[in-house]
Structure formats: C-alpha cells, structure tokens
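Here's start-v5.cif, which has mmCIF, C-alpha atoms:
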```cif
data_protein
#
loop_
_atom_site.group_PDB
_atom_site.id
_atom_site.type_symbol
_atom_site.label_atom_id
_atom_site.label_comp_id
_atom_site.auth_asym_id
_atom_site.auth_seq_id
_atom_site.Cartn_x
_atom_site.Cartn_y
_atom_site.Cartn_z
ATOM 1 C CA MET A 1 -94.346 -79.856 -25.045
ATOM 2 C CA ALA A 2 -94.673 -83.541 -25.999
ATOM 3 C CA LEU A 3 -91.911 -84.893 -28.228
ATOM 4 C CA GLY A 4 -93.379 -88.337 -28.603
ATOM 5 C CA LEU A 5 -90.269 -90.068 -27.278
ATOM 6 C CA GLU A 6 -89.304 -89.768 -23.612
ATOM 7 C CA SER A 7 -91.190 -86.469 -23.710
ATOM 8 C CA ASP A 8 -90.793 -85.300 -20.094
ATOM 9 C CA HIS A 9 -87.084 -86.018 -20.061
ATOM 10 C CA LEU A 10 -86.491 -84.357 -23.423
ATOM 11 C CA ALA A 11 -88.633 -81.373 -22.500
ATOM 12 C CA LYS A 12 -86.417 -80.698 -19.487
ATOM 13 C CA GLN A 13 -83.277 -81.123 -21.576
ATOM 14 C CA LEU A 14 -84.635 -78.753 -24.215
ATOM 15 C CA ALA A 15 -85.472 -76.124 -21.616
ATOM 16 C CA ALA A 16 -81.953 -76.480 -20.196
ATOM 17 C CA ALA A 17 -80.413 -76.203 -23.683
ATOM 18 C CA ILE A 18 -82.323 -73.016 -24.458
ATOM 19 C CA GLY A 19 -81.035 -71.723 -21.137
ATOM 20 C CA GLY A 20 -77.447 -72.550 -22.110
ATOM 21 C CA ASP A 21 -76.787 -76.106 -20.868
ATOM 22 C CA LYS A 22 -76.762 -77.934 -24.211
ATOM 23 C CA ASN A 23 -74.642 -81.056 -23.702
ATOM 24 C CA PRO A 24 -77.319 -83.318 -22.155
ATOM 25 C CA LEU A 25 -79.727 -82.604 -25.021
ATOM 26 C CA TYR A 26 -77.007 -82.999 -27.652
ATOM 27 C CA LYS A 27 -76.120 -86.433 -26.292
ATOM 28 C CA GLN A 28 -79.772 -87.448 -26.216
ATOM 29 C CA LEU A 29 -80.337 -86.316 -29.815
ATOM 30 C CA ALA A 30 -77.316 -88.358 -30.891
ATOM 31 C CA ARG A 31 -78.744 -91.427 -29.130
ATOM 32 C CA LEU A 32 -82.083 -90.985 -30.899
ATOM 33 C CA SER A 33 -80.547 -90.248 -34.296
ATOM 34 C CA GLY A 34 -80.575 -93.707 -35.884
ATOM 35 C CA LEU A 35 -77.016 -92.952 -37.001
ATOM 36 C CA PRO A 36 -74.615 -94.187 -38.047
ATOM 37 C CA GLY A 37 -76.859 -96.086 -40.410
ATOM 38 C CA THR A 38 -78.819 -95.707 -43.609
ATOM 39 C CA ARG A 39 -81.969 -94.195 -42.083
ATOM 40 C CA PRO A 40 -81.680 -91.210 -39.769
ATOM 41 C CA ASN A 41 -84.667 -90.666 -37.496
ATOM 42 C CA LEU A 42 -86.180 -87.882 -39.601
ATOM 43 C CA PRO A 43 -89.738 -88.160 -38.202
ATOM 44 C CA PHE A 44 -88.295 -87.357 -34.796
ATOM 45 C CA ALA A 45 -86.185 -84.511 -36.247
ATOM 46 C CA GLU A 46 -89.332 -82.955 -37.709
ATOM 47 C CA ARG A 47 -91.277 -83.286 -34.446
ATOM 48 C CA PHE A 48 -88.341 -81.915 -32.514
ATOM 49 C CA GLY A 49 -88.139 -78.936 -34.860
ATOM 50 C CA ASP A 50 -91.830 -78.185 -34.308
ATOM 51 C CA VAL A 51 -91.468 -78.339 -30.536
ATOM 52 C CA VAL A 52 -88.430 -76.065 -30.487
ATOM 53 C CA ALA A 53 -90.055 -73.620 -32.905
ATOM 54 C CA ALA A 54 -93.103 -73.446 -30.628
ATOM 55 C CA GLN A 55 -90.884 -71.761 -28.027
ATOM 56 C CA GLY A 56 -90.735 -68.694 -30.276
ATOM 57 C CA LYS A 57 -87.994 -66.081 -30.183
ATOM 58 C CA SER A 58 -86.575 -67.414 -26.926
ATOM 59 C CA ALA A 59 -85.287 -70.479 -28.792
ATOM 60 C CA ASP A 60 -83.858 -68.692 -31.836
ATOM 61 C CA ALA A 61 -80.272 -68.442 -30.602
ATOM 62 C CA PHE A 62 -80.270 -72.133 -29.684
ATOM 63 C CA ILE A 63 -81.792 -73.135 -33.061
ATOM 64 C CA ILE A 64 -79.211 -71.147 -35.012
ATOM 65 C CA GLU A 65 -76.325 -72.625 -33.025
ATOM 66 C CA LEU A 66 -77.705 -76.162 -33.441
ATOM 67 C CA ALA A 67 -78.160 -75.828 -37.207
ATOM 68 C CA ASN A 68 -74.682 -74.394 -37.663
ATOM 69 C CA LEU A 69 -72.688 -77.022 -35.762
ATOM 70 C CA ASP A 70 -69.855 -77.659 -38.181
ATOM 71 C CA ALA A 71 -68.261 -80.922 -39.277
ATOM 72 C CA ASN A 72 -65.582 -80.662 -36.590
ATOM 73 C CA ILE A 73 -68.217 -80.859 -33.853
ATOM 74 C CA ALA A 74 -70.827 -82.888 -35.760
ATOM 75 C CA PRO A 75 -68.932 -85.036 -38.287
ATOM 76 C CA GLY A 76 -70.743 -86.623 -41.198
ATOM 77 C CA ASP A 77 -71.642 -90.329 -41.020
ATOM 78 C CA THR A 78 -71.806 -90.174 -37.231
ATOM 79 C CA ALA A 79 -74.655 -89.805 -34.762
ATOM 80 C CA TRP A 80 -73.583 -86.208 -34.181
ATOM 81 C CA GLU A 81 -74.528 -85.237 -37.744
ATOM 82 C CA PHE A 82 -78.135 -85.554 -36.584
ATOM 83 C CA LEU A 83 -77.775 -82.415 -34.474
ATOM 84 C CA PRO A 84 -77.517 -79.897 -37.339
ATOM 85 C CA VAL A 85 -80.217 -81.879 -39.172
ATOM 86 C CA CYS A 86 -82.533 -81.218 -36.212
ATOM 87 C CA GLY A 87 -81.452 -77.581 -36.337
ATOM 88 C CA VAL A 88 -82.409 -77.332 -40.013
ATOM 89 C CA TYR A 89 -85.877 -78.678 -39.270
ATOM 90 C CA ALA A 90 -86.247 -76.197 -36.407
ATOM 91 C CA LEU A 91 -85.209 -73.285 -38.655
ATOM 92 C CA ALA A 92 -87.867 -74.287 -41.178
ATOM 93 C CA ALA A 93 -90.528 -74.737 -38.506
ATOM 94 C CA ARG A 94 -89.884 -71.217 -37.244
ATOM 95 C CA ALA A 95 -89.940 -69.881 -40.812
ATOM 96 C CA ALA A 96 -93.260 -71.609 -41.497
ATOM 97 C CA LYS A 97 -94.978 -69.997 -38.517
ATOM 98 C CA ASP A 98 -93.341 -66.594 -38.135
ATOM 99 C CA ASP A 99 -93.152 -64.050 -40.962
ATOM 100 C CA LYS A 100 -90.191 -62.236 -39.422
ATOM 101 C CA ALA A 101 -88.248 -65.455 -38.895
ATOM 102 C CA TYR A 102 -89.076 -66.586 -42.442
ATOM 103 C CA LYS A 103 -86.788 -64.172 -44.291
ATOM 104 C CA LYS A 104 -83.882 -64.563 -41.872
ATOM 105 C CA ASN A 105 -84.092 -68.341 -41.707
ATOM 106 C CA LEU A 106 -84.354 -68.675 -45.482
ATOM 107 C CA VAL A 107 -80.952 -66.979 -45.686
ATOM 108 C CA ARG A 108 -79.616 -69.420 -43.088
ATOM 109 C CA LEU A 109 -81.027 -72.387 -45.000
ATOM 110 C CA HIS A 110 -79.335 -71.042 -48.141
ATOM 111 C CA THR A 111 -75.974 -71.313 -46.400
ATOM 112 C CA LEU A 112 -76.710 -74.824 -45.157
ATOM 113 C CA ALA A 113 -77.721 -75.991 -48.651
ATOM 114 C CA ASP A 114 -73.998 -75.970 -49.473
ATOM 115 C CA ASP A 115 -72.977 -77.959 -46.385
ATOM 116 C CA PRO A 116 -70.377 -80.690 -47.061
ATOM 117 C CA ARG A 117 -72.545 -83.259 -45.203
ATOM 118 C CA PHE A 118 -75.165 -84.720 -47.517
ATOM 119 C CA ARG A 119 -77.703 -85.390 -44.734
ATOM 120 C CA VAL A 120 -77.688 -81.718 -43.830
ATOM 121 C CA ARG A 121 -78.227 -80.813 -47.489
ATOM 122 C CA ASP A 122 -81.036 -83.375 -47.733
ATOM 123 C CA ALA A 123 -82.660 -81.825 -44.664
ATOM 124 C CA VAL A 124 -82.628 -78.439 -46.414
ATOM 125 C CA VAL A 125 -84.476 -79.962 -49.386
ATOM 126 C CA ALA A 126 -87.057 -81.546 -47.067
ATOM 127 C CA THR A 127 -87.625 -78.275 -45.244
ATOM 128 C CA LEU A 128 -87.988 -76.338 -48.515
ATOM 129 C CA VAL A 129 -90.765 -78.772 -49.397
ATOM 130 C CA ARG A 130 -92.462 -77.974 -46.106
ATOM 131 C CA LEU A 131 -92.050 -74.239 -46.579
ATOM 132 C CA GLY A 132 -93.339 -74.580 -50.125
ATOM 133 C CA THR A 133 -96.611 -76.043 -48.910
ATOM 134 C CA VAL A 134 -97.054 -73.025 -46.630
ATOM 135 C CA ARG A 135 -95.532 -70.164 -48.645
ATOM 136 C CA GLN A 136 -96.192 -71.613 -52.124
ATOM 137 C CA VAL A 137 -95.375 -69.151 -54.942
ATOM 138 C CA GLN A 138 -93.841 -66.728 -52.448
ATOM 139 C CA LEU A 139 -91.127 -69.269 -51.672
ATOM 140 C CA LEU A 140 -90.475 -69.881 -55.372
ATOM 141 C CA ASP A 141 -89.905 -66.155 -55.797
ATOM 142 C CA ASP A 142 -87.824 -65.824 -52.639
ATOM 143 C CA VAL A 143 -85.377 -68.616 -53.575
ATOM 144 C CA GLN A 144 -84.322 -66.809 -56.765
ATOM 145 C CA PRO A 145 -80.980 -65.854 -55.124
ATOM 146 C CA TRP A 146 -80.310 -69.572 -54.603
ATOM 147 C CA MET A 147 -80.004 -70.127 -58.334
ATOM 148 C CA ASP A 148 -76.408 -68.937 -58.614
ATOM 149 C CA GLY A 149 -74.854 -71.924 -56.795
ATOM 150 C CA TYR A 150 -74.879 -75.605 -57.723
ATOM 151 C CA HIS A 151 -75.916 -77.174 -54.411
ATOM 152 C CA HIS A 152 -78.298 -74.293 -53.714
ATOM 153 C CA ALA A 153 -80.006 -74.549 -57.098
ATOM 154 C CA ALA A 154 -80.167 -78.346 -56.776
ATOM 155 C CA ALA A 155 -81.974 -77.991 -53.444
ATOM 156 C CA VAL A 156 -84.629 -75.800 -55.071
ATOM 157 C CA ILE A 157 -85.053 -78.042 -58.124
ATOM 158 C CA LEU A 158 -85.318 -81.186 -55.980
ATOM 159 C CA ALA A 159 -87.813 -79.564 -53.596
ATOM 160 C CA ILE A 160 -90.088 -78.508 -56.444
ATOM 161 C CA ALA A 161 -90.399 -82.140 -57.560
ATOM 162 C CA HIS A 162 -91.820 -83.341 -54.231
ATOM 163 C CA GLU A 163 -95.561 -83.875 -54.340
ATOM 164 C CA PRO A 164 -96.654 -81.708 -51.354
ATOM 165 C CA PHE A 165 -94.825 -78.663 -52.763
ATOM 166 C CA LEU A 166 -95.719 -79.438 -56.374
ATOM 167 C CA HIS A 167 -99.438 -79.669 -55.700
ATOM 168 C CA ALA A 168 -99.435 -76.523 -53.580
ATOM 169 C CA VAL A 169 -98.453 -74.464 -56.649
ATOM 170 C CA ASP A 170 -101.147 -73.828 -59.240
ATOM 171 C CA ARG A 171 -99.192 -71.875 -61.861
ATOM 172 C CA TYR A 172 -96.079 -72.814 -63.756
ATOM 173 C CA GLU A 173 -94.513 -69.384 -64.343
ATOM 174 C CA SER A 174 -92.471 -69.169 -61.129
ATOM 175 C CA ILE A 175 -91.321 -72.778 -61.475
ATOM 176 C CA GLU A 176 -90.391 -72.120 -65.098
ATOM 177 C CA ALA A 177 -88.147 -69.226 -64.074
ATOM 178 C CA ARG A 178 -86.260 -71.330 -61.523
ATOM 179 C CA LEU A 179 -85.762 -74.160 -64.053
ATOM 180 C CA GLU A 180 -84.493 -71.720 -66.658
ATOM 181 C CA GLU A 181 -81.988 -70.285 -64.186
ATOM 182 C CA ALA A 182 -80.763 -73.770 -63.249
ATOM 183 C CA PHE A 183 -80.290 -74.686 -66.903
ATOM 184 C CA MET A 184 -78.434 -71.440 -67.578
ATOM 185 C CA LEU A 185 -76.203 -72.078 -64.574
ATOM 186 C CA LEU A 186 -75.171 -75.410 -66.082
ATOM 187 C CA GLU A 187 -74.887 -74.012 -69.610
ATOM 188 C CA ASN A 188 -72.553 -71.235 -68.476
ATOM 189 C CA ALA A 189 -70.491 -73.436 -66.158
ATOM 190 C CA PRO A 190 -66.745 -73.662 -66.827
ATOM 191 C CA ARG A 191 -65.365 -77.034 -67.888
ATOM 192 C CA ALA A 192 -63.745 -77.533 -64.499
ATOM 193 C CA ALA A 193 -67.146 -77.382 -62.826
ATOM 194 C CA ALA A 194 -67.909 -80.926 -64.002
ATOM 195 C CA ARG A 195 -65.588 -82.117 -61.218
ATOM 196 C CA TYR A 196 -67.562 -80.344 -58.504
ATOM 197 C CA PRO A 197 -69.973 -82.458 -56.415
ATOM 198 C CA GLY A 198 -72.465 -79.602 -56.522
ATOM 199 C CA HIS A 199 -72.446 -79.586 -60.321
ATOM 200 C CA LYS A 200 -73.258 -83.290 -60.409
ATOM 201 C CA HIS A 201 -75.956 -82.725 -57.782
ATOM 202 C CA LEU A 202 -77.644 -80.160 -60.021
ATOM 203 C CA VAL A 203 -77.259 -82.289 -63.162
ATOM 204 C CA ASP A 204 -78.967 -85.200 -61.390
ATOM 205 C CA ALA A 205 -81.789 -82.935 -60.205
ATOM 206 C CA MET A 206 -82.341 -81.458 -63.655
ATOM 207 C CA SER A 207 -82.331 -84.917 -65.227
ATOM 208 C CA ASN A 208 -85.460 -85.870 -63.294
ATOM 209 C CA THR A 209 -87.494 -82.894 -62.086
ATOM 210 C CA PRO A 210 -88.814 -81.565 -65.450
ATOM 211 C CA ARG A 211 -90.471 -84.878 -66.306
ATOM 212 C CA ILE A 212 -92.167 -84.899 -62.882
ATOM 213 C CA LEU A 213 -93.382 -81.376 -63.562
ATOM 214 C CA ALA A 214 -94.566 -82.418 -67.023
ATOM 215 C CA ALA A 215 -96.981 -84.897 -65.463
ATOM 216 C CA ARG A 216 -98.465 -81.983 -63.466
ATOM 217 C CA PHE A 217 -98.325 -79.068 -65.916
ATOM 218 C CA GLY A 218 -98.080 -80.716 -69.328
ATOM 219 C CA VAL A 219 -97.338 -78.713 -72.498
ATOM 220 C CA PRO A 220 -95.522 -75.690 -70.928
ATOM 221 C CA VAL A 221 -92.821 -78.021 -69.619
ATOM 222 C CA PHE A 222 -92.272 -79.527 -73.060
ATOM 223 C CA ASP A 223 -92.158 -76.027 -74.532
ATOM 224 C CA GLN A 224 -89.294 -75.279 -72.175
ATOM 225 C CA LEU A 225 -87.476 -78.501 -73.100
ATOM 226 C CA VAL A 226 -87.767 -77.565 -76.789
ATOM 227 C CA LYS A 227 -86.290 -74.170 -75.962
ATOM 228 C CA TRP A 228 -83.317 -75.845 -74.282
ATOM 229 C CA THR A 229 -82.469 -77.867 -77.403
ATOM 230 C CA ARG A 230 -80.578 -74.781 -78.559
ATOM 231 C CA THR A 231 -77.609 -75.961 -76.512
ATOM 232 C CA LYS A 232 -74.732 -77.789 -78.139
ATOM 233 C CA ASP A 233 -73.419 -79.144 -74.841
ATOM 234 C CA PRO A 234 -73.783 -82.944 -74.968
ATOM 235 C CA ASP A 235 -74.301 -83.219 -71.210
ATOM 236 C CA LEU A 236 -77.165 -80.730 -71.283
ATOM 237 C CA ARG A 237 -78.694 -82.454 -74.288
ATOM 238 C CA ALA A 238 -78.502 -85.673 -72.269
ATOM 239 C CA ILE A 239 -80.467 -83.922 -69.504
ATOM 240 C CA ILE A 240 -83.223 -83.124 -72.005
ATOM 241 C CA GLU A 241 -83.297 -86.722 -73.259
ATOM 242 C CA ALA A 242 -83.454 -88.067 -69.694
ATOM 243 C CA ASN A 243 -86.681 -86.120 -69.166
ATOM 244 C CA LEU A 244 -88.419 -87.844 -72.073
ATOM 245 C CA THR A 245 -88.651 -91.247 -70.416
ATOM 246 C CA GLY A 246 -91.212 -92.921 -68.195
ATOM 247 C CA THR A 247 -94.072 -95.182 -69.195
ATOM 248 C CA ARG A 248 -96.833 -92.972 -67.815
ATOM 249 C CA LEU A 249 -95.346 -89.817 -69.309
ATOM 250 C CA VAL A 250 -94.967 -91.408 -72.734
ATOM 251 C CA GLY A 251 -98.512 -92.716 -72.568
ATOM 252 C CA ARG A 252 -99.973 -89.256 -71.855
ATOM 253 C CA TYR A 253 -97.673 -87.008 -73.856
ATOM 254 C CA ARG A 254 -96.278 -89.082 -76.710
ATOM 255 C CA SER A 255 -96.755 -86.301 -79.278
ATOM 256 C CA GLU A 256 -95.039 -83.746 -77.031
ATOM 257 C CA ILE A 257 -92.122 -86.082 -76.415
ATOM 258 C CA GLU A 258 -91.766 -86.622 -80.159
ATOM 259 C CA ARG A 259 -91.794 -82.846 -80.628
ATOM 260 C CA VAL A 260 -88.855 -82.469 -78.221
ATOM 261 C CA LYS A 261 -86.986 -85.344 -79.892
ATOM 262 C CA ALA A 262 -87.486 -83.712 -83.296
ATOM 263 C CA ALA A 263 -86.094 -80.443 -81.935
ATOM 264 C CA LEU A 264 -83.076 -82.306 -80.559
ATOM 265 C CA ALA A 265 -82.483 -83.957 -83.925
ATOM 266 C CA LYS A 266 -82.813 -80.644 -85.754
ATOM 267 C CA THR A 267 -80.327 -78.881 -83.491
ATOM 268 C CA ALA A 268 -77.835 -81.745 -83.241
ATOM 269 C CA PRO A 269 -74.310 -80.532 -84.030
ATOM 270 C CA PRO A 270 -73.024 -81.854 -87.360
ATOM 271 C CA VAL A 271 -70.518 -84.678 -87.470
ATOM 272 C CA ARG A 272 -67.097 -83.223 -88.193
ATOM 273 C CA ASN A 273 -66.275 -85.698 -90.950
ATOM 274 C CA PRO A 274 -69.356 -87.636 -92.092
ATOM 275 C CA ASP A 275 -67.261 -89.917 -94.318
ATOM 276 C CA HIS A 276 -65.511 -91.300 -91.271
ATOM 277 C CA ASN A 277 -68.478 -91.492 -88.915
ATOM 278 C CA PHE A 278 -68.562 -95.229 -88.258
ATOM 279 C CA GLY A 279 -70.141 -94.878 -84.839
ATOM 280 C CA PRO A 280 -68.578 -95.916 -81.537
ATOM 281 C CA HIS A 281 -65.770 -98.446 -81.693
ATOM 282 C CA ARG A 282 -63.446 -100.162 -79.292
ATOM 283 C CA SER A 283 -59.955 -98.800 -78.931
ATOM 284 C CA ARG A 284 -57.251 -101.328 -79.684
ATOM 285 C CA GLY A 285 -54.470 -99.311 -78.114
ATOM 286 C CA LYS A 286 -52.565 -100.490 -75.063
ATOM 287 C CA LYS A 287 -54.190 -99.710 -71.726
ATOM 288 C CA ARG A 288 -52.169 -98.183 -68.988
#
```

Please express what this file holds, its structure, as structure tokens.
Amino acid sequence: MALGLESDHLAKQLAAAIGGDKNPLYKQLARLSGLPGTRPNLPFAERFGDVVAAQGKSADAFIIELANLDANIAPGDTAWEFLPVCGVYALAARAAKDDKAYKKNLVRLHTLADDPRFRVRDAVVATLVRLGTVRQVQLLDDVQPWMDGYHHAAAVILAIAHEPFLHAVDRYESIEARLEEAFMLLENAPRAAARYPGHKHLVDAMSNTPRILAARFGVPVFDQLVKWTRTKDPDLRAIIEANLTGTRLVGRYRSEIERVKAALAKTAPPVRNPDHNFGPHRSRGKKR
C-alpha cells in the first residue's frame, strides 16, 4: 500500500481512518497539501485516491465522507481544502475500477461539480478526464444529466478538451450532443444568470473547447458553429468568434473559419438606425 511519501506511516493512518479514527490522517493530508499556495499537491492526491480505492468497498464510507467535507470543516484557500480534493480523486478511482461504484460515484461527482471551492470543482474536471479515458463514450452519454447546471456543464465541457479524454473518443456524435446542450443552456439562460459564477464558468469553457475539438475532428465542429450563428445574443456570438482564433487552427482550416464568419455576418442583427451608426464613441457625460 505504498503512497510514495512516508508510505508506512500514511498506510497506518489510512487503515485507522477507514476504521473510524480519521483525525491523524486528516492532519497529515493537510500537511502534505501544498496549501495555502498556488499549487496543491495533486500528484499526491491522485496517488492517494488510487491507494484508497484499492481497499474496495471497505473504504467507500470513508471516501464519501472525505469528499463531502464542507467548507465549514475544510475551508477554501486553506490546507484543509485538500481533504475533499483527495476524496474526489478517490471517488473517481473507485469509479474507474468498479462498475457498481461507477454509477453511484458519478452522481456524487455531479454534486461536487457545483462546490463553492474552485479547487474541488477543478478536481472534478480532472477526474472526469480520467474516467473519460477509461469509460470513453459511455461517460459522455452518462454525463447528459449534468448539462442542466452551469458549473456541472462547464466541468463536462472542460474535461472533453483535455488531451487524454479527447484522444480516447473516436467519434464526434456524443461530444456534439453535450456541446449543443451547453449552448442551449446559455441561450435559454435568464438575464440574471450573467451574474452567476457558474454562468461565467460555462461561458469561458465554451469560448475555448470547440476550437480544441476542431483541431481533432475538423469540419463537424465548424458545422456546429455555423448552426449556432442563429443566435442573436451578442455574448453567444462572441463565444463563436472566440473559437475561430489560433494560428494552427487558422492554418489548417482557413476556409472553414471563413465559412463560420460569413454565417455570423449573414445572421448579424440589423442596426436599429443605420443613419446614426457612427460606431463606438466616448461618452462625454459626467462620471459618478
């Protein structure tokens, strides 16, 4: 049960934690976290998750409790935030190896994708990438229920763009469905949603992932971007434009990019009063 760091000591603490005495292990995980700081010790979190998952069903209750430590017990931007991050990795490790744990833990990861702590959300994205390399198209189908929430959908869209997951999938249809659902979620969002952190999270994800997919799948991605030009929402049209940049992409798919730009121009909403359309100008009114 080697953990790579102080393995014998940690192995004993892990065995004690599974048995119910969790505090010594929790304190040790906090010490090894790399937090507070800019780089949490994610390689250790992944190894730890594998070791815990190797214990099988006997560790499930401990894994679930660890992953669900809330912000009162494991506040963000502290070393204690590392504990639920380790729990997320352990949930994914169990889901990768055990078919019965897979379905249950995917539901648990769905809940954690909306966690207020960004490192926990980032851990969910990383573990979706791992599950995607194992479950491939099955995972893309199984995360369909995630596409009705902003943070949840963003986690899926971000995971798809990571190379290990992306290259494990050999057909675009399932990816296309998830992208379409994410775009529809934004298109149907109420105005107030623009203030939600989750909405911004999804906008950022959708502003980058399609162009990464275009480098892998080519024309079908541009077909989907052309389809999206139907929208009149300026923010969504900006998402489409953001996916038409990148030196390598332009070099390979210049004609496709021009096709999307032409569709954007054709569907651009008319100027309300063309006679007074002088372009952007600086306001000369008093500033508060």

Gap from CA of Pro220 in chain A to CA of Thr127 in chain A - Å, one decimal: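 We find that CA of Pro220 in chain A and CA of Thr127 in chain A lie 27.0 Å from each other.
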
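If you look at CA of Asn188 in chain A and CA of Val156 in chain A, they are 18.6 Å away from each other.
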
Minimum-distance residue to Ser174 in chain A, chosen among A:Asp77, A:Glu46, A:Asp21, A:Asp142 (using all atoms listed in the file):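 Between A:Asp77, A:Glu46, A:Asp21, A:Asp142, the residue approaching Ser174 in chain A most closely is A:Asp142.
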
How far is it from CA of Glu258 in chain A to CA of Leu244 in chain A, in Å with one decimal?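 Interatomic distance here is 8.8 Å.
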
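Taking only C-alpha atoms into account, Pro234 in chain A lies nearest to A:Ala268 out of the set A:Tyr172, A:Ala268, A:Arg216, A:Val250.
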
Using all atoms listed in the file - which residues lie no farther than 8 Å from the point (-73.9, -86.7, -29.5) in the file's frame? Write them as a PyMOL selection string. chain A and resi 26-31+74+79-80+83

Report the residues retrieved by the PyMOL selection byres ((chain A and resi 36) around 8) from the displayed file, expressed as a ChimeraX atom specification. /A:34-35,37-38,40,77-79

Which one of A:Ala59, A:Ala155, A:Ala242, A:Val137 sits closest to Gly198 in chain A if you count all atoms listed in the file? A:Ala155

Using the chain letters and numbers from the file, which residues does the PyMOL selection byres ((chain A and resi 121) around 12) grab, as a ChimeraX atom specification? /A:67,76,81-82,84-85,88-89,109-120,122-128,150-156,158-159,198,201

Could you give me the axis-aligned bounding box of range 237-247 of chain A, with 8 Å of padding per side, as centre plus edge lengths in Å to one decimal, as JSON?
```
{"center_x": -86.3, "center_y": -88.8, "center_z": -71.2, "size_x": 31.6, "size_y": 28.7, "size_z": 22.1}
```

Name all residues at most 12 Å from Arg230 in chain A (count all atoms listed in the file; drop same-chain ones fewer than 4 positions away) and give them as an mmCIF file with C-alpha atoms, keeping the file's coordinate frame.
```cif
data_model
loop_
_atom_site.group_PDB
_atom_site.id
_atom_site.type_symbol
_atom_site.label_atom_id
_atom_site.label_comp_id
_atom_site.auth_asym_id
_atom_site.auth_seq_id
_atom_site.Cartn_x
_atom_site.Cartn_y
_atom_site.Cartn_z
ATOM 1 C CA PHE A 183 -80.290 -74.686 -66.903
ATOM 2 C CA MET A 184 -78.434 -71.440 -67.578
ATOM 3 C CA GLU A 187 -74.887 -74.012 -69.610
ATOM 4 C CA GLN A 224 -89.294 -75.279 -72.175
ATOM 5 C CA LEU A 225 -87.476 -78.501 -73.100
ATOM 6 C CA VAL A 226 -87.767 -77.565 -76.789
ATOM 7 C CA PRO A 234 -73.783 -82.944 -74.968
ATOM 8 C CA LEU A 236 -77.165 -80.730 -71.283
ATOM 9 C CA ARG A 237 -78.694 -82.454 -74.288
ATOM 10 C CA ILE A 240 -83.223 -83.124 -72.005
ATOM 11 C CA VAL A 260 -88.855 -82.469 -78.221
ATOM 12 C CA ALA A 263 -86.094 -80.443 -81.935
ATOM 13 C CA LEU A 264 -83.076 -82.306 -80.559
ATOM 14 C CA ALA A 265 -82.483 -83.957 -83.925
ATOM 15 C CA LYS A 266 -82.813 -80.644 -85.754
ATOM 16 C CA THR A 267 -80.327 -78.881 -83.491
ATOM 17 C CA ALA A 268 -77.835 -81.745 -83.241
ATOM 18 C CA PRO A 269 -74.310 -80.532 -84.030
#
```

Name every residue that the PyMOL selection byres ((chain A and resi 217) around 12) selects in this structure, writing the answer as an mmCIF file with C-alpha atoms, in the frame of the given file with chains first and numbers rising.
```cif
data_model
loop_
_atom_site.group_PDB
_atom_site.id
_atom_site.type_symbol
_atom_site.label_atom_id
_atom_site.label_comp_id
_atom_site.auth_asym_id
_atom_site.auth_seq_id
_atom_site.Cartn_x
_atom_site.Cartn_y
_atom_site.Cartn_z
ATOM 1 C CA ALA A 161 -90.399 -82.140 -57.560
ATOM 2 C CA LEU A 166 -95.719 -79.438 -56.374
ATOM 3 C CA HIS A 167 -99.438 -79.669 -55.700
ATOM 4 C CA VAL A 169 -98.453 -74.464 -56.649
ATOM 5 C CA ASP A 170 -101.147 -73.828 -59.240
ATOM 6 C CA ARG A 171 -99.192 -71.875 -61.861
ATOM 7 C CA TYR A 172 -96.079 -72.814 -63.756
ATOM 8 C CA GLU A 173 -94.513 -69.384 -64.343
ATOM 9 C CA ILE A 175 -91.321 -72.778 -61.475
ATOM 10 C CA GLU A 176 -90.391 -72.120 -65.098
ATOM 11 C CA PRO A 210 -88.814 -81.565 -65.450
ATOM 12 C CA ARG A 211 -90.471 -84.878 -66.306
ATOM 13 C CA ILE A 212 -92.167 -84.899 -62.882
ATOM 14 C CA LEU A 213 -93.382 -81.376 -63.562
ATOM 15 C CA ALA A 214 -94.566 -82.418 -67.023
ATOM 16 C CA ALA A 215 -96.981 -84.897 -65.463
ATOM 17 C CA ARG A 216 -98.465 -81.983 -63.466
ATOM 18 C CA GLY A 218 -98.080 -80.716 -69.328
ATOM 19 C CA VAL A 219 -97.338 -78.713 -72.498
ATOM 20 C CA PRO A 220 -95.522 -75.690 -70.928
ATOM 21 C CA VAL A 221 -92.821 -78.021 -69.619
ATOM 22 C CA PHE A 222 -92.272 -79.527 -73.060
ATOM 23 C CA ASP A 223 -92.158 -76.027 -74.532
ATOM 24 C CA GLN A 224 -89.294 -75.279 -72.175
ATOM 25 C CA LEU A 249 -95.346 -89.817 -69.309
ATOM 26 C CA ARG A 252 -99.973 -89.256 -71.855
ATOM 27 C CA TYR A 253 -97.673 -87.008 -73.856
#
```

A:Ala61, A:Ala101, A:Ala92, A:Leu139: which is nearest Gly49 in chain A, counting only C-alpha atoms?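 Once distances to Gly49 in chain A are computed over only C-alpha atoms, the minimum belongs to A:Ala92.
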
Up to 9 Å from (-90.1, -83.4, -38.4) in the file's coordinates: name the residues, counting only C-alpha atoms, as a PyMOL selection string. chain A and resi 42-50+86+89-90+93+127

Could you take the residues named above and write them with C-alpha atoms, as a short mmCIF file (atom, residue, chain, number, x, y, z; two decimals), keeping the file's coordinate frame?
```
data_model
loop_
_atom_site.label_atom_id
_atom_site.label_comp_id
_atom_site.auth_asym_id
_atom_site.auth_seq_id
_atom_site.Cartn_x
_atom_site.Cartn_y
_atom_site.Cartn_z
CA LEU A 42 -86.18 -87.88 -39.60
CA PRO A 43 -89.74 -88.16 -38.20
CA PHE A 44 -88.30 -87.36 -34.80
CA ALA A 45 -86.18 -84.51 -36.25
CA GLU A 46 -89.33 -82.96 -37.71
CA ARG A 47 -91.28 -83.29 -34.45
CA PHE A 48 -88.34 -81.92 -32.51
CA GLY A 49 -88.14 -78.94 -34.86
CA ASP A 50 -91.83 -78.18 -34.31
CA CYS A 86 -82.53 -81.22 -36.21
CA TYR A 89 -85.88 -78.68 -39.27
CA ALA A 90 -86.25 -76.20 -36.41
CA ALA A 93 -90.53 -74.74 -38.51
CA THR A 127 -87.62 -78.28 -45.24
#
```

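Comparing A:Val51, A:Arg248, A:Gln136, A:Asp60 by their smallest distance to Lys100 in chain A, the closest is A:Asp60 (using all atoms listed in the file).
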
Would you please work out which residue, of A:Ala54, A:Ile160, A:Val129, A:Met206, is nearest to Glu180 in chain A when using only C-alpha atoms?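 Closest to Glu180 in chain A, using only C-alpha atoms: A:Met206.
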